[in-house]
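To be precise, the following lines are start.cif, and they hold mmCIF, N, CA and C atoms.
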```cif
data_structure
loop_
_atom_site.label_atom_id
_atom_site.label_comp_id
_atom_site.auth_asym_id
_atom_site.auth_seq_id
_atom_site.Cartn_x
_atom_site.Cartn_y
_atom_site.Cartn_z
N TYR A 1 83.51 93.89 94.49
CA TYR A 1 84.44 93.72 93.38
C TYR A 1 84.03 92.57 92.48
N ASN A 2 83.18 91.71 93.00
CA ASN A 2 82.71 90.59 92.19
C ASN A 2 81.88 91.09 91.02
N GLY A 3 81.08 92.15 91.21
CA GLY A 3 80.27 92.71 90.14
C GLY A 3 81.11 93.32 89.03
N MET A 4 82.35 93.70 89.36
CA MET A 4 83.25 94.26 88.36
C MET A 4 84.06 93.17 87.67
N GLY A 5 83.89 91.92 88.10
CA GLY A 5 84.68 90.84 87.53
C GLY A 5 86.10 90.80 88.06
N ARG A 6 86.34 91.37 89.21
CA ARG A 6 87.68 91.42 89.81
C ARG A 6 87.70 90.68 91.13
N GLN A 7 87.41 89.40 91.09
CA GLN A 7 87.41 88.60 92.30
C GLN A 7 88.80 88.51 92.92
N ASP A 8 89.84 88.76 92.13
CA ASP A 8 91.20 88.71 92.65
C ASP A 8 91.49 89.83 93.64
N LEU A 9 90.62 90.84 93.68
CA LEU A 9 90.84 91.97 94.60
C LEU A 9 90.18 91.78 95.96
N VAL A 10 89.32 90.78 96.07
CA VAL A 10 88.53 90.64 97.30
C VAL A 10 89.42 90.46 98.53
N TRP A 11 90.31 89.49 98.52
CA TRP A 11 91.08 89.22 99.73
C TRP A 11 92.11 90.29 100.05
N PRO A 12 92.80 90.88 99.08
CA PRO A 12 93.66 92.01 99.44
C PRO A 12 92.90 93.19 100.04
N VAL A 13 91.69 93.46 99.54
CA VAL A 13 90.88 94.55 100.10
C VAL A 13 90.41 94.19 101.51
N VAL A 14 90.04 92.95 101.73
CA VAL A 14 89.66 92.50 103.08
C VAL A 14 90.86 92.64 104.02
N GLY A 15 92.05 92.26 103.54
CA GLY A 15 93.26 92.42 104.36
C GLY A 15 93.52 93.87 104.72
N ALA A 16 93.30 94.77 103.77
CA ALA A 16 93.49 96.19 104.05
C ALA A 16 92.46 96.69 105.07
N ALA A 17 91.22 96.24 104.94
CA ALA A 17 90.17 96.66 105.89
C ALA A 17 90.49 96.16 107.30
N VAL A 18 90.92 94.92 107.39
CA VAL A 18 91.29 94.36 108.70
C VAL A 18 92.45 95.16 109.28
N SER A 19 93.43 95.49 108.45
CA SER A 19 94.59 96.25 108.92
C SER A 19 94.21 97.64 109.38
N LEU A 20 93.40 98.32 108.59
CA LEU A 20 93.06 99.71 108.91
C LEU A 20 92.27 99.85 110.20
N HIS A 21 91.54 98.81 110.59
CA HIS A 21 90.77 98.96 111.82
C HIS A 21 91.66 98.96 113.06
N PHE A 22 92.93 98.59 112.90
CA PHE A 22 93.84 98.62 114.04
C PHE A 22 94.29 100.05 114.37
N ALA A 23 94.25 100.97 113.41
CA ALA A 23 94.68 102.35 113.67
C ALA A 23 93.80 103.03 114.73
N PRO A 24 92.47 103.04 114.58
CA PRO A 24 91.67 103.65 115.65
C PRO A 24 91.75 102.87 116.97
N MET A 25 91.97 101.57 116.87
CA MET A 25 92.13 100.79 118.11
C MET A 25 93.40 101.19 118.83
N GLY A 26 94.45 101.52 118.07
CA GLY A 26 95.69 101.99 118.69
C GLY A 26 95.48 103.27 119.47
N TYR A 27 94.67 104.17 118.91
CA TYR A 27 94.35 105.41 119.60
C TYR A 27 93.44 105.16 120.80
N LEU A 28 92.42 104.35 120.60
CA LEU A 28 91.45 104.08 121.66
C LEU A 28 92.09 103.41 122.87
N PHE A 29 92.94 102.41 122.62
CA PHE A 29 93.55 101.65 123.72
C PHE A 29 94.95 102.16 124.08
N ARG A 30 95.40 103.23 123.40
CA ARG A 30 96.73 103.82 123.65
C ARG A 30 97.83 102.78 123.47
N LEU A 31 97.75 102.03 122.37
CA LEU A 31 98.74 101.01 122.08
C LEU A 31 99.39 101.29 120.72
N PRO A 32 100.58 101.89 120.72
CA PRO A 32 101.27 102.17 119.46
C PRO A 32 101.54 100.90 118.64
N LEU A 33 101.57 99.76 119.30
CA LEU A 33 101.75 98.49 118.59
C LEU A 33 100.70 98.32 117.50
N TYR A 34 99.50 98.79 117.73
CA TYR A 34 98.44 98.63 116.74
C TYR A 34 98.64 99.53 115.52
N TYR A 35 99.32 100.66 115.69
CA TYR A 35 99.66 101.49 114.53
C TYR A 35 100.62 100.74 113.61
N PHE A 36 101.59 100.09 114.23
CA PHE A 36 102.54 99.29 113.46
C PHE A 36 101.83 98.14 112.74
N THR A 37 100.90 97.49 113.43
CA THR A 37 100.13 96.41 112.82
C THR A 37 99.32 96.92 111.64
N ALA A 38 98.69 98.07 111.79
CA ALA A 38 97.90 98.65 110.69
C ALA A 38 98.79 98.97 109.50
N ALA A 39 99.93 99.57 109.74
CA ALA A 39 100.82 99.95 108.64
C ALA A 39 101.38 98.72 107.93
N LEU A 40 101.85 97.76 108.69
CA LEU A 40 102.44 96.57 108.09
C LEU A 40 101.40 95.74 107.34
N GLY A 41 100.19 95.66 107.89
CA GLY A 41 99.12 94.94 107.21
C GLY A 41 98.72 95.60 105.91
N CYS A 42 98.72 96.93 105.88
CA CYS A 42 98.42 97.65 104.64
C CYS A 42 99.51 97.43 103.59
N VAL A 43 100.75 97.38 104.03
CA VAL A 43 101.85 97.10 103.10
C VAL A 43 101.69 95.70 102.50
N VAL A 44 101.37 94.74 103.34
CA VAL A 44 101.14 93.37 102.85
C VAL A 44 99.99 93.35 101.84
N SER A 45 98.91 94.05 102.14
CA SER A 45 97.76 94.09 101.23
C SER A 45 98.10 94.76 99.91
N LEU A 46 98.90 95.82 99.97
CA LEU A 46 99.33 96.49 98.73
C LEU A 46 100.22 95.58 97.89
N ILE A 47 101.09 94.85 98.54
CA ILE A 47 101.94 93.90 97.81
C ILE A 47 101.07 92.82 97.17
N ALA A 48 100.06 92.35 97.90
CA ALA A 48 99.17 91.33 97.36
C ALA A 48 98.40 91.84 96.14
N LEU A 49 98.08 93.13 96.12
CA LEU A 49 97.38 93.71 94.98
C LEU A 49 98.22 93.68 93.70
N THR A 50 99.53 93.63 93.85
CA THR A 50 100.41 93.63 92.68
C THR A 50 100.64 92.23 92.12
N GLN A 51 100.16 91.22 92.81
CA GLN A 51 100.40 89.84 92.40
C GLN A 51 99.23 89.29 91.61
N ALA A 52 99.50 88.24 90.83
CA ALA A 52 98.44 87.55 90.09
C ALA A 52 97.60 86.73 91.06
N ALA A 53 96.48 86.22 90.57
CA ALA A 53 95.46 85.59 91.42
C ALA A 53 95.99 84.54 92.41
N PRO A 54 96.64 83.47 92.04
CA PRO A 54 97.00 82.51 93.10
C PRO A 54 98.04 83.06 94.05
N ALA A 55 99.01 83.82 93.53
CA ALA A 55 100.06 84.35 94.39
C ALA A 55 99.52 85.38 95.37
N SER A 56 98.53 86.17 94.96
CA SER A 56 98.00 87.20 95.86
C SER A 56 97.34 86.57 97.08
N LEU A 57 96.72 85.42 96.91
CA LEU A 57 96.12 84.73 98.06
C LEU A 57 97.18 84.28 99.05
N TRP A 58 98.30 83.78 98.54
CA TRP A 58 99.39 83.37 99.41
C TRP A 58 100.01 84.56 100.12
N VAL A 59 100.17 85.65 99.40
CA VAL A 59 100.78 86.85 99.99
C VAL A 59 99.88 87.41 101.08
N VAL A 60 98.60 87.60 100.77
CA VAL A 60 97.71 88.20 101.77
C VAL A 60 97.45 87.23 102.92
N GLY A 61 97.29 85.96 102.63
CA GLY A 61 97.03 84.99 103.70
C GLY A 61 98.24 84.79 104.60
N GLY A 62 99.38 84.54 103.99
CA GLY A 62 100.59 84.34 104.79
C GLY A 62 101.07 85.62 105.44
N GLY A 63 101.02 86.72 104.69
CA GLY A 63 101.48 87.99 105.24
C GLY A 63 100.62 88.50 106.37
N MET A 64 99.31 88.50 106.16
CA MET A 64 98.42 88.96 107.23
C MET A 64 98.44 88.00 108.42
N GLY A 65 98.51 86.72 108.12
CA GLY A 65 98.61 85.75 109.22
C GLY A 65 99.85 86.00 110.06
N GLY A 66 100.98 86.25 109.37
CA GLY A 66 102.22 86.52 110.10
C GLY A 66 102.16 87.80 110.90
N VAL A 67 101.61 88.85 110.30
CA VAL A 67 101.50 90.14 110.99
C VAL A 67 100.62 90.01 112.23
N LEU A 68 99.47 89.37 112.08
CA LEU A 68 98.53 89.28 113.21
C LEU A 68 99.03 88.33 114.30
N TRP A 69 99.66 87.22 113.91
CA TRP A 69 100.24 86.32 114.92
C TRP A 69 101.39 87.00 115.65
N ALA A 70 102.23 87.74 114.92
CA ALA A 70 103.34 88.46 115.56
C ALA A 70 102.81 89.52 116.53
N THR A 71 101.75 90.21 116.14
CA THR A 71 101.15 91.20 117.03
C THR A 71 100.63 90.54 118.30
N ALA A 72 99.94 89.42 118.14
CA ALA A 72 99.40 88.72 119.30
C ALA A 72 100.51 88.21 120.20
N ALA A 73 101.57 87.64 119.61
CA ALA A 73 102.68 87.12 120.41
C ALA A 73 103.38 88.25 121.17
N PHE A 74 103.64 89.36 120.48
CA PHE A 74 104.28 90.49 121.14
C PHE A 74 103.42 91.04 122.26
N ALA A 75 102.11 91.15 122.01
CA ALA A 75 101.20 91.68 123.04
C ALA A 75 101.16 90.77 124.26
N ILE A 76 101.21 89.47 124.04
CA ILE A 76 101.20 88.53 125.17
C ILE A 76 102.51 88.61 125.94
N LEU A 77 103.63 88.65 125.22
CA LEU A 77 104.93 88.69 125.89
C LEU A 77 105.18 90.01 126.62
N LYS A 78 104.64 91.08 126.12
CA LYS A 78 104.88 92.42 126.69
C LYS A 78 103.62 93.00 127.33
N CYS A 79 102.71 92.17 127.80
CA CYS A 79 101.42 92.66 128.29
C CYS A 79 101.55 93.61 129.47
N GLU A 80 102.47 93.35 130.39
CA GLU A 80 102.60 94.25 131.54
C GLU A 80 103.10 95.63 131.10
N PHE A 81 104.09 95.65 130.22
CA PHE A 81 104.62 96.93 129.72
C PHE A 81 103.54 97.69 128.96
N LEU A 82 102.81 96.99 128.10
CA LEU A 82 101.76 97.65 127.32
C LEU A 82 100.65 98.20 128.21
N ALA A 83 100.29 97.46 129.26
CA ALA A 83 99.25 97.92 130.18
C ALA A 83 99.71 99.16 130.95
N GLU A 84 100.95 99.13 131.42
CA GLU A 84 101.48 100.29 132.16
C GLU A 84 101.55 101.52 131.24
N HIS A 85 101.98 101.30 130.02
CA HIS A 85 102.09 102.40 129.05
C HIS A 85 100.71 103.00 128.75
N ALA A 86 99.71 102.14 128.62
CA ALA A 86 98.36 102.62 128.29
C ALA A 86 97.74 103.39 129.46
N VAL A 87 98.01 102.96 130.68
CA VAL A 87 97.41 103.59 131.86
C VAL A 87 98.13 104.89 132.21
N SER A 88 99.42 104.97 131.92
CA SER A 88 100.22 106.13 132.35
C SER A 88 99.90 107.38 131.54
N LYS A 89 99.24 107.26 130.41
CA LYS A 89 98.98 108.45 129.59
C LYS A 89 97.69 109.11 129.92
#
```

Target format structure tokens, applied to this file:
Amino acid sequence: YNGMGRQDLVWPVVGAAVSLHFAPMGYLFRLPLYYFTAALGCVVSLIALTQAAPASLWVVGGGMGGVLWATAAFAILKCEFLAEHAVSK
């Protein structure tokens, strides 16, 4: 996007790419939590695309940070349930 003169799109697109890679991981590891992470991260990235340059960095940075930290915290707190769910299928 730098070649197009749209440097403001770089971080929202990176956020979307990071989010989208959770969808196949959800299927691979049988963790529906990752589908939710992928969807919410894409929503955050889309919102960031609608913002002007400085605000989009705050939206994508804070939003993706929150989504990924919440996913990690939930996975740690519910690790036994998630492991049993993944093995039982």

Residues within 7 Å of Cys42 of chain A, all atoms listed in the file, excluding chain neighbours under 5 positions, as a PyMOL selection string: chain A and resi 15-16+19-20+37+47

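Counting all atoms listed in the file and comparing A:Leu57, A:Val18, A:Leu9, A:Leu82, the residue that lies closest to Ala38 of chain A is A:Val18.
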
Atom-to-atom span, atom N of Gly66 of chain A and atom C of Val44 of chain A, Å: 10.4 Å

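Here atom C of Leu68 of chain A stands at a distance of 27.2 Å from atom CA of Arg6 of chain A.
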
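Minimum atom-to-atom distances from A:Pro32, A:Pro12, A:Pro24, A:Gly5 to Phe81 of chain A were compared using only C-alpha atoms, and the lowest value belongs to A:Pro32.
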
Atomic distance atom N of Cys79 of chain A - atom N of Leu28 of chain A, expressed in Å with one decimal: 17.5 Å

Those in chain A with helix (DSSP H, G or I) from DSSP, as number ranges by chain: A: 7-20, 22-29, 32-49, 53-77, 79-88

Residues within 12 Å of Pro54 of chain A, only C-alpha atoms, excluding chain neighbours under 5 positions, as a ChimeraX atom specification: /A:7-9,11-12,48-49,59-61

Those same residues - N, CA and C atoms - I'd like them written as a short mmCIF file (atom, residue, chain, number, x, y, z; two decimals), in the coordinates of the input.
```cif
data_model
loop_
_atom_site.label_atom_id
_atom_site.label_comp_id
_atom_site.auth_asym_id
_atom_site.auth_seq_id
_atom_site.Cartn_x
_atom_site.Cartn_y
_atom_site.Cartn_z
N GLN A 7 87.41 89.40 91.09
CA GLN A 7 87.41 88.60 92.30
C GLN A 7 88.80 88.51 92.92
N ASP A 8 89.84 88.76 92.13
CA ASP A 8 91.20 88.71 92.65
C ASP A 8 91.49 89.83 93.64
N LEU A 9 90.62 90.84 93.68
CA LEU A 9 90.84 91.97 94.60
C LEU A 9 90.18 91.78 95.96
N TRP A 11 90.31 89.49 98.52
CA TRP A 11 91.08 89.22 99.73
C TRP A 11 92.11 90.29 100.05
N PRO A 12 92.80 90.88 99.08
CA PRO A 12 93.66 92.01 99.44
C PRO A 12 92.90 93.19 100.04
N ALA A 48 100.06 92.35 97.90
CA ALA A 48 99.17 91.33 97.36
C ALA A 48 98.40 91.84 96.14
N LEU A 49 98.08 93.13 96.12
CA LEU A 49 97.38 93.71 94.98
C LEU A 49 98.22 93.68 93.70
N VAL A 59 100.17 85.65 99.40
CA VAL A 59 100.78 86.85 99.99
C VAL A 59 99.88 87.41 101.08
N VAL A 60 98.60 87.60 100.77
CA VAL A 60 97.71 88.20 101.77
C VAL A 60 97.45 87.23 102.92
N GLY A 61 97.29 85.96 102.63
CA GLY A 61 97.03 84.99 103.70
C GLY A 61 98.24 84.79 104.60
#
```
